[in-house]
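Trainee: Contents of entry_32.txt (compact mmCIF, C-alpha atoms):
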# COMPACT_ATOMS: atom_id res chain seq x y z
CA MET A 1405 -15.88 -20.45 97.47
CA ASN A 1406 -17.69 -20.89 94.20
CA ILE A 1407 -20.84 -19.25 92.96
CA VAL A 1408 -23.18 -22.04 94.08
CA ASP A 1409 -22.02 -21.76 97.68
CA LEU A 1410 -22.46 -18.03 97.52
CA LEU A 1411 -25.99 -18.40 96.15
CA PHE A 1412 -26.87 -20.99 98.78
CA TYR A 1413 -25.75 -18.78 101.64
CA PHE A 1414 -27.44 -15.73 100.13
CA PHE A 1415 -30.82 -17.40 99.71
CA ALA A 1416 -30.59 -19.32 102.98
CA THR A 1417 -29.99 -16.06 104.83
CA LEU A 1418 -32.82 -14.42 102.92
CA SER A 1419 -35.31 -17.20 103.67
CA VAL A 1420 -34.50 -17.57 107.36
CA GLY A 1421 -34.22 -13.81 107.81
CA GLY A 1422 -37.56 -13.28 106.11
CA GLY A 1423 -39.08 -15.92 108.36
CA VAL A 1424 -37.69 -14.34 111.52
CA LEU A 1425 -38.86 -10.88 110.47
CA MET A 1426 -42.29 -12.33 109.63
CA VAL A 1427 -42.65 -13.89 113.05
CA ALA A 1428 -41.35 -10.74 114.76
CA SER A 1429 -43.24 -8.04 112.85
CA ARG A 1430 -46.21 -6.42 114.54
CA HIS A 1431 -48.26 -5.53 111.51
CA PRO A 1432 -49.84 -8.40 109.50
CA VAL A 1433 -49.27 -6.74 106.10
CA SER A 1434 -45.53 -6.35 106.62
CA ALA A 1435 -45.47 -9.93 107.94
CA ALA A 1436 -47.04 -11.08 104.67
CA MET A 1437 -44.43 -9.16 102.68
CA PHE A 1438 -41.57 -10.80 104.60
CA MET A 1439 -43.29 -14.15 104.07
CA ILE A 1440 -43.22 -13.56 100.29
CA ILE A 1441 -39.46 -12.89 100.46
CA SER A 1442 -38.97 -16.10 102.41
CA LEU A 1443 -41.09 -18.20 100.02
CA VAL A 1444 -39.38 -16.90 96.88
CA SER A 1445 -35.94 -17.62 98.32
CA VAL A 1446 -37.10 -21.14 99.14
CA ALA A 1447 -38.00 -21.43 95.45
CA ALA A 1448 -34.45 -20.32 94.59
CA LEU A 1449 -33.10 -23.04 96.87
CA PHE A 1450 -35.23 -25.55 94.97
CA VAL A 1451 -33.49 -24.35 91.80
CA LEU A 1452 -30.13 -24.97 93.48
CA LEU A 1453 -31.31 -28.51 94.23
CA GLU A 1454 -32.23 -28.85 90.53
CA ALA A 1455 -35.93 -29.33 91.23
CA PHE A 1456 -37.02 -26.77 88.66
CA PHE A 1457 -40.67 -27.75 88.40
CA LEU A 1458 -41.10 -27.54 92.16
CA ALA A 1459 -39.47 -24.11 92.14
CA ILE A 1460 -42.00 -22.87 89.59
CA LEU A 1461 -44.83 -24.44 91.60
CA GLN A 1462 -43.51 -22.80 94.76
CA VAL A 1463 -43.61 -19.35 93.19
CA LEU A 1464 -47.00 -19.90 91.56
CA VAL A 1465 -48.83 -21.62 94.41
CA TYR A 1466 -47.23 -20.08 97.49
CA GLY A 1467 -45.94 -16.74 96.25
CA GLY A 1468 -48.94 -16.24 94.02
CA ALA A 1469 -52.13 -17.87 95.21
CA VAL A 1470 -51.63 -18.42 98.94
CA MET A 1471 -50.06 -15.07 99.73
CA VAL A 1472 -52.61 -13.17 97.67
CA LEU A 1473 -55.31 -14.96 99.64
CA PHE A 1474 -53.60 -14.00 102.90
CA LEU A 1475 -53.22 -10.36 101.88
CA PHE A 1476 -56.83 -10.27 100.70
CA ILE A 1477 -58.10 -11.59 104.03
CA ILE A 1478 -55.81 -9.26 106.04
CA MET A 1479 -57.15 -6.27 104.14
CA LEU A 1480 -60.74 -7.53 104.24
CA LEU A 1481 -60.69 -7.94 108.02
CA ASP A 1482 -58.61 -4.78 108.46
CA VAL A 1483 -56.44 -6.31 111.17
CA GLY A 1484 -54.30 -3.80 112.98
CA PRO A 1485 -51.04 -4.37 114.84
CA GLU A 1486 -51.10 -6.40 118.02
CA GLY A 1487 -51.20 -4.81 121.42
CA GLY A 1488 -48.26 -4.98 123.77
CA LYS A 1489 -49.53 -7.02 126.68
CA VAL A 1490 -48.13 -10.50 127.04
CA SER A 1491 -50.13 -12.91 129.13
CA ARG A 1492 -48.65 -15.45 131.51
CA ILE A 1493 -49.91 -18.34 129.43
CA LYS A 1494 -48.02 -16.98 126.41
CA MET A 1495 -44.80 -16.84 128.38
CA LEU A 1496 -45.35 -20.41 129.48
CA SER A 1497 -45.97 -21.58 125.94
CA GLY A 1498 -42.93 -19.62 124.78
CA LEU A 1499 -40.85 -21.50 127.29
CA ALA A 1500 -42.31 -24.80 126.08
CA GLY A 1501 -41.65 -23.80 122.47
CA CYS A 1502 -38.01 -22.92 123.14
CA LEU A 1503 -37.59 -26.18 125.03
CA SER A 1504 -38.93 -28.29 122.17
CA VAL A 1505 -36.83 -26.42 119.59
CA GLY A 1506 -33.81 -27.09 121.83
CA ILE A 1507 -34.60 -30.80 121.97
CA LEU A 1508 -35.01 -30.79 118.19
CA ILE A 1509 -31.59 -29.17 117.66
CA ILE A 1510 -29.97 -31.74 119.97
CA LEU A 1511 -31.58 -34.53 117.94
CA LEU A 1512 -30.40 -32.89 114.71
CA LEU A 1513 -26.80 -32.59 115.91
CA GLN A 1514 -26.93 -36.16 117.17
CA PHE A 1515 -28.27 -37.93 114.13
CA SER A 1516 -27.74 -35.94 110.95
CA GLY A 1517 -23.93 -36.22 110.98
CA ILE A 1518 -23.27 -32.49 110.72
CA GLY A 1519 -19.55 -31.89 110.97
CA GLU A 1520 -18.59 -35.34 109.79
CA ALA A 1521 -16.65 -35.44 106.58
CA SER A 1522 -18.99 -36.64 103.87
CA LEU A 1523 -17.69 -37.12 100.39
CA GLU A 1524 -19.51 -37.92 97.17
CA ASN A 1525 -22.68 -36.11 98.24
CA TRP A 1526 -24.14 -34.93 95.01
CA GLN A 1527 -24.05 -37.44 92.23
CA PRO A 1528 -24.77 -35.96 88.84
CA ILE A 1529 -28.26 -36.43 87.49
CA GLN A 1530 -28.64 -38.91 84.68
CA ASP A 1531 -30.64 -37.19 82.01
CA SER A 1532 -32.46 -40.18 80.65
CA GLU A 1533 -36.04 -39.78 79.53
CA GLU A 1534 -36.83 -43.46 79.83
CA VAL A 1535 -38.46 -44.80 82.96
CA VAL A 1536 -37.46 -48.09 84.48
CA GLY A 1537 -40.16 -50.00 86.29
CA ASP A 1538 -41.28 -48.81 89.70
CA SER A 1539 -38.16 -46.95 90.82
CA LEU A 1540 -38.40 -43.33 89.79
CA ILE A 1541 -34.99 -41.74 89.36
CA PHE A 1542 -34.52 -38.06 90.12
CA SER A 1543 -34.63 -36.06 86.93
CA THR A 1544 -35.07 -32.50 85.84
CA SER A 1545 -37.47 -33.43 83.06
CA LEU A 1546 -41.16 -32.87 83.55
CA LYS A 1547 -41.93 -36.14 81.80
CA ASN A 1548 -40.59 -38.28 84.62
CA PHE A 1549 -42.46 -36.19 87.16
CA GLY A 1550 -45.76 -36.67 85.35
CA TYR A 1551 -45.05 -40.35 84.81
CA GLY A 1552 -44.52 -40.82 88.53
CA LEU A 1553 -47.67 -38.90 89.38
CA PHE A 1554 -49.88 -40.91 87.09
CA THR A 1555 -48.50 -44.41 87.68
CA LYS A 1556 -47.09 -44.96 91.15
CA TYR A 1557 -49.03 -42.11 92.74
CA MET A 1558 -52.31 -42.57 90.87
CA LEU A 1559 -54.46 -42.97 93.98
CA PRO A 1560 -52.81 -40.12 95.95
CA ILE A 1561 -53.31 -37.68 93.09
CA GLN A 1562 -57.00 -38.57 92.88
CA VAL A 1563 -57.30 -38.16 96.65
CA ALA A 1564 -55.55 -34.78 96.32
CA GLY A 1565 -58.06 -33.71 93.69
CA PHE A 1566 -60.92 -34.83 95.89
CA LEU A 1567 -59.37 -32.97 98.82
CA LEU A 1568 -59.28 -29.76 96.78
CA LEU A 1569 -62.94 -30.26 95.84
CA ALA A 1570 -63.86 -30.87 99.48
CA ALA A 1571 -61.93 -27.76 100.53
CA MET A 1572 -63.74 -25.69 97.89
CA VAL A 1573 -67.18 -26.93 98.99
CA GLY A 1574 -66.19 -26.42 102.63
CA VAL A 1575 -65.15 -22.83 102.03
CA ILE A 1576 -68.42 -22.08 100.22
CA VAL A 1577 -70.49 -23.64 103.02
CA LEU A 1578 -68.54 -21.81 105.72
CA SER A 1579 -68.90 -18.39 104.18
CA LYS A 1580 -72.55 -18.99 103.32
CA ASN A 1581 -73.44 -19.95 106.91
CA ALA A 1582 -71.67 -16.94 108.29
CA ASN A 1583 -73.67 -14.65 106.00
CA MET A 1584 -77.01 -16.22 106.85
CA GLU A 1585 -76.39 -15.97 110.59
CA LYS A 1586 -75.74 -12.28 110.19
CA GLU A 1587 -79.05 -11.74 108.40
CA ASN A 1588 -81.10 -13.57 111.04
CA MET B 1146 -21.69 -28.06 94.39
CA GLU B 1147 -18.51 -28.78 96.28
CA SER B 1148 -18.67 -27.53 99.81
CA ILE B 1149 -22.46 -27.42 100.24
CA THR B 1150 -23.50 -30.76 101.69
CA PRO B 1151 -26.99 -32.17 102.27
CA GLN B 1152 -26.42 -31.41 105.93
CA HIS B 1153 -26.39 -27.70 105.09
CA PHE B 1154 -29.82 -28.04 103.54
CA LEU B 1155 -31.01 -30.12 106.49
CA PHE B 1156 -29.86 -27.45 108.93
CA LEU B 1157 -31.58 -24.75 106.88
CA ALA B 1158 -34.77 -26.83 106.88
CA PHE B 1159 -34.51 -27.14 110.65
CA LEU B 1160 -34.05 -23.38 111.02
CA LEU B 1161 -37.14 -22.64 108.91
CA PHE B 1162 -39.15 -25.24 110.82
CA GLY B 1163 -38.02 -23.88 114.18
CA VAL B 1164 -38.79 -20.28 113.30
CA GLY B 1165 -42.24 -21.30 112.05
CA PHE B 1166 -42.85 -23.38 115.15
CA LEU B 1167 -41.98 -20.50 117.46
CA GLY B 1168 -44.31 -18.32 115.40
CA VAL B 1169 -47.16 -20.79 115.83
CA VAL B 1170 -46.57 -21.01 119.57
CA LEU B 1171 -45.88 -17.36 120.30
CA ARG B 1172 -48.07 -15.24 118.03
CA ARG B 1173 -51.57 -14.29 119.10
CA ASN B 1174 -52.83 -13.18 115.70
CA LEU B 1175 -54.40 -16.24 114.08
CA LEU B 1176 -53.51 -15.00 110.57
CA LEU B 1177 -49.83 -15.01 111.56
CA VAL B 1178 -50.23 -18.44 113.11
CA LEU B 1179 -51.45 -19.73 109.74
CA MET B 1180 -48.53 -18.04 107.96
CA SER B 1181 -46.05 -19.60 110.38
CA LEU B 1182 -47.61 -22.99 109.63
CA GLU B 1183 -46.79 -22.39 105.96
CA LEU B 1184 -43.20 -21.62 106.96
CA MET B 1185 -42.97 -24.93 108.81
CA LEU B 1186 -44.26 -26.77 105.74
CA ASN B 1187 -41.64 -25.00 103.64
CA GLY B 1188 -38.88 -26.21 105.91
CA VAL B 1189 -40.12 -29.77 105.55
CA ASN B 1190 -40.29 -29.32 101.77
CA ILE B 1191 -36.63 -28.28 101.60
CA ALA B 1192 -35.60 -31.32 103.61
CA LEU B 1193 -37.65 -33.61 101.34
CA VAL B 1194 -36.25 -32.17 98.11
CA SER B 1195 -32.67 -32.36 99.35
CA PHE B 1196 -33.14 -36.01 100.41
CA SER B 1197 -34.72 -36.70 97.03
CA ARG B 1198 -31.79 -35.08 95.23
CA THR B 1199 -29.21 -36.87 97.37
CA SER B 1200 -30.64 -40.34 96.88
CA LEU B 1201 -31.51 -39.66 93.21
CA ASN B 1202 -35.07 -40.77 93.84
CA LEU B 1203 -38.08 -38.83 92.58
CA ASP B 1204 -40.45 -39.92 95.37
CA GLY B 1205 -39.44 -37.08 97.68
CA SER B 1206 -40.20 -34.46 95.05
CA LEU B 1207 -43.59 -36.02 94.37
CA PHE B 1208 -44.34 -35.84 98.09
CA VAL B 1209 -43.51 -32.14 98.02
CA PHE B 1210 -46.11 -31.76 95.26
CA PHE B 1211 -48.76 -33.37 97.47
CA ILE B 1212 -47.70 -31.30 100.49
CA MET B 1213 -48.23 -28.15 98.42
CA THR B 1214 -51.74 -29.33 97.45
CA VAL B 1215 -52.68 -30.03 101.06
CA ALA B 1216 -51.20 -26.71 102.20
CA ALA B 1217 -53.25 -24.78 99.66
CA ALA B 1218 -56.45 -26.55 100.76
CA GLU B 1219 -55.58 -25.97 104.41
CA VAL B 1220 -55.02 -22.25 103.88
CA ALA B 1221 -58.33 -21.88 102.04
CA VAL B 1222 -60.34 -23.63 104.77
CA GLY B 1223 -58.40 -21.97 107.59
CA LEU B 1224 -58.99 -18.49 106.22
CA ALA B 1225 -62.69 -19.22 105.67
CA LEU B 1226 -62.94 -20.34 109.30
CA LEU B 1227 -61.11 -17.19 110.35
CA VAL B 1228 -63.53 -14.96 108.43
CA ALA B 1229 -66.51 -16.78 109.96
CA LEU B 1230 -64.95 -16.35 113.41
CA TYR B 1231 -64.32 -12.67 112.80
CA LYS B 1232 -67.95 -12.14 111.82
CA LYS B 1233 -69.06 -13.79 115.05
CA ARG B 1234 -66.58 -12.33 117.56
CA GLN B 1235 -65.01 -9.30 115.81
CA SER B 1236 -61.50 -10.47 116.59
CA VAL B 1237 -58.72 -12.64 115.19
CA PHE B 1238 -56.65 -12.85 118.37
CA SER B 1239 -56.27 -16.18 120.03
CA GLU B 1240 -56.92 -14.93 123.56
CA ASP B 1241 -60.41 -13.80 122.56
CA ILE B 1242 -61.41 -17.33 121.60
CA SER B 1243 -62.12 -18.63 125.06
CA LEU B 1244 -65.61 -20.09 124.70
CA LEU B 1245 -64.58 -23.42 126.22
CA LYS B 1246 -62.83 -21.79 129.19
CA ASN B 1247 -64.85 -22.21 132.43
Would you kindly transcribe this structure into structure tokens?
Mentor:
Amino acid sequence: MNIVDLLFYFFATLSVGGGVLMVASRHPVSAAMFMIISLVSVAALFVLLEAFFLAILQVLVYGGAVMVLFLFIIMLLDVGPEGGKVSRIKMLSGLAGCLSVGILIILLLQFSGIGEASLENWQPIQDSEEVVGDSLIFSTSLKNFGYGLFTKYMLPIQVAGFLLLAAMVGVIVLSKNANMEKEN
Amino acid sequence: MESITPQHFLFLAFLLFGVGFLGVVLRRNLLLVLMSLELMLNGVNIALVSFSRTSLNLDGSLFVFFIMTVAAAEVAVGLALLVALYKKRQSVFSEDISLLKN
């Protein structure tokens, strides 16, 4: 067992374990902390897959911005731990959830070829800076990433920018309306 | 990477997705529902990056970039809705949002 396998199992355990603890924890603040552990280990898995830019983005966007927003809202609303009572509807939806996860795992075992011997899985990355036509080859360099974003995915990146603007305006409108209703 | 196959990453992605899905279905605190949604998106991101790495094609990684953008926007709007809801009903639990019931 080499070091990469060891790292994979370590971070996989950390991310799934953090996720399970997040879902299971009663208090929202501790849930957010477990979520941060899970997100950072997902970033480490991105590094193992040699997607370094995405790993940095994962830490910055998820571990930084999104989780700070979550913690800020949790502390602003001062949400306490949940009560103990479980309604019948929740048990029903839990049953439905377990059923659909079960169906998903059957599909996964059926179609992903887990257990079959697969050789030649990870070809080495060609470290060429040049870009050939429309087919973007996987590369660790940021240049290829940016080239792909601004040629093949020109329209999606503009739509993404517009989406962020719309989200910003929407957030402002939502919080403004809530304030004005309170005054009236 | 010798013994770690893309199937390992796929199975991990499934585990993250499943845990997040159960969180969305089972939790009553809407903040935790939103967090579990993020966990589901993370599982999908791992699957996309591992496919992208396996097929040596950058498209999957670029899709992950867009998924992150949409997730950030979604969290911002979702939390703003949650704050507005809290100001109206003084609660973030899903069983208290029953305006359409009866």
Trainee: Taking all atoms listed in the file into account and nothing else, which residues of chain A lie no more than 7 Å away from chain B? Please answer as JSON, numbers by chain.
Mentor: {"A": [1408, 1409, 1416, 1420, 1423, 1424, 1427, 1432, 1453, 1470, 1494, 1497, 1498, 1501, 1505, 1516, 1518, 1525, 1526, 1540, 1541, 1542, 1564, 1568, 1571, 1574, 1575, 1578, 1579, 1582]}
Trainee: Can you work out the spacing between CA of Phe1457 in chain A and CA of Phe1474 in chain A in Å, to one decimal?
Mentor: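 Pair CA of Phe1457 in chain A / CA of Phe1474 in chain A returns 23.8 Å.
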Trainee: At what distance in Å, to one decimal, does CA of Glu1454 in chain A lie from CA of Ser1545 in chain A?
Mentor: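 Value for the CA of Ser1545 in chain A-CA of Glu1454 in chain A distance: 10.2 Å.
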Trainee: Using only C-alpha atoms, find the one residue out of A:Cys1502, A:Val1444, A:Leu1553, A:Met1479 that sits nearest to Val1465 in chain A.
Mentor: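 So, comparing all the options, the nearest one is A:Val1444.
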Trainee: Could you tell me how far CA of Leu1175 in chain B lies from CA of Leu1473 in chain A, in Å and to one decimal?
Mentor: 14.5 Å
Trainee: Can you report as lines of an AutoDock Vina configuration file the centre and edge lengths in Å, to one decimal, of an axis-aligned box around the listed atoms of range 1540-1555 of chain A padded with 8 Å on each side?
Mentor:
center_x = -42.2
center_y = -38.5
center_z = 86.0
size_x = 31.4
size_y = 27.9
size_z = 24.3
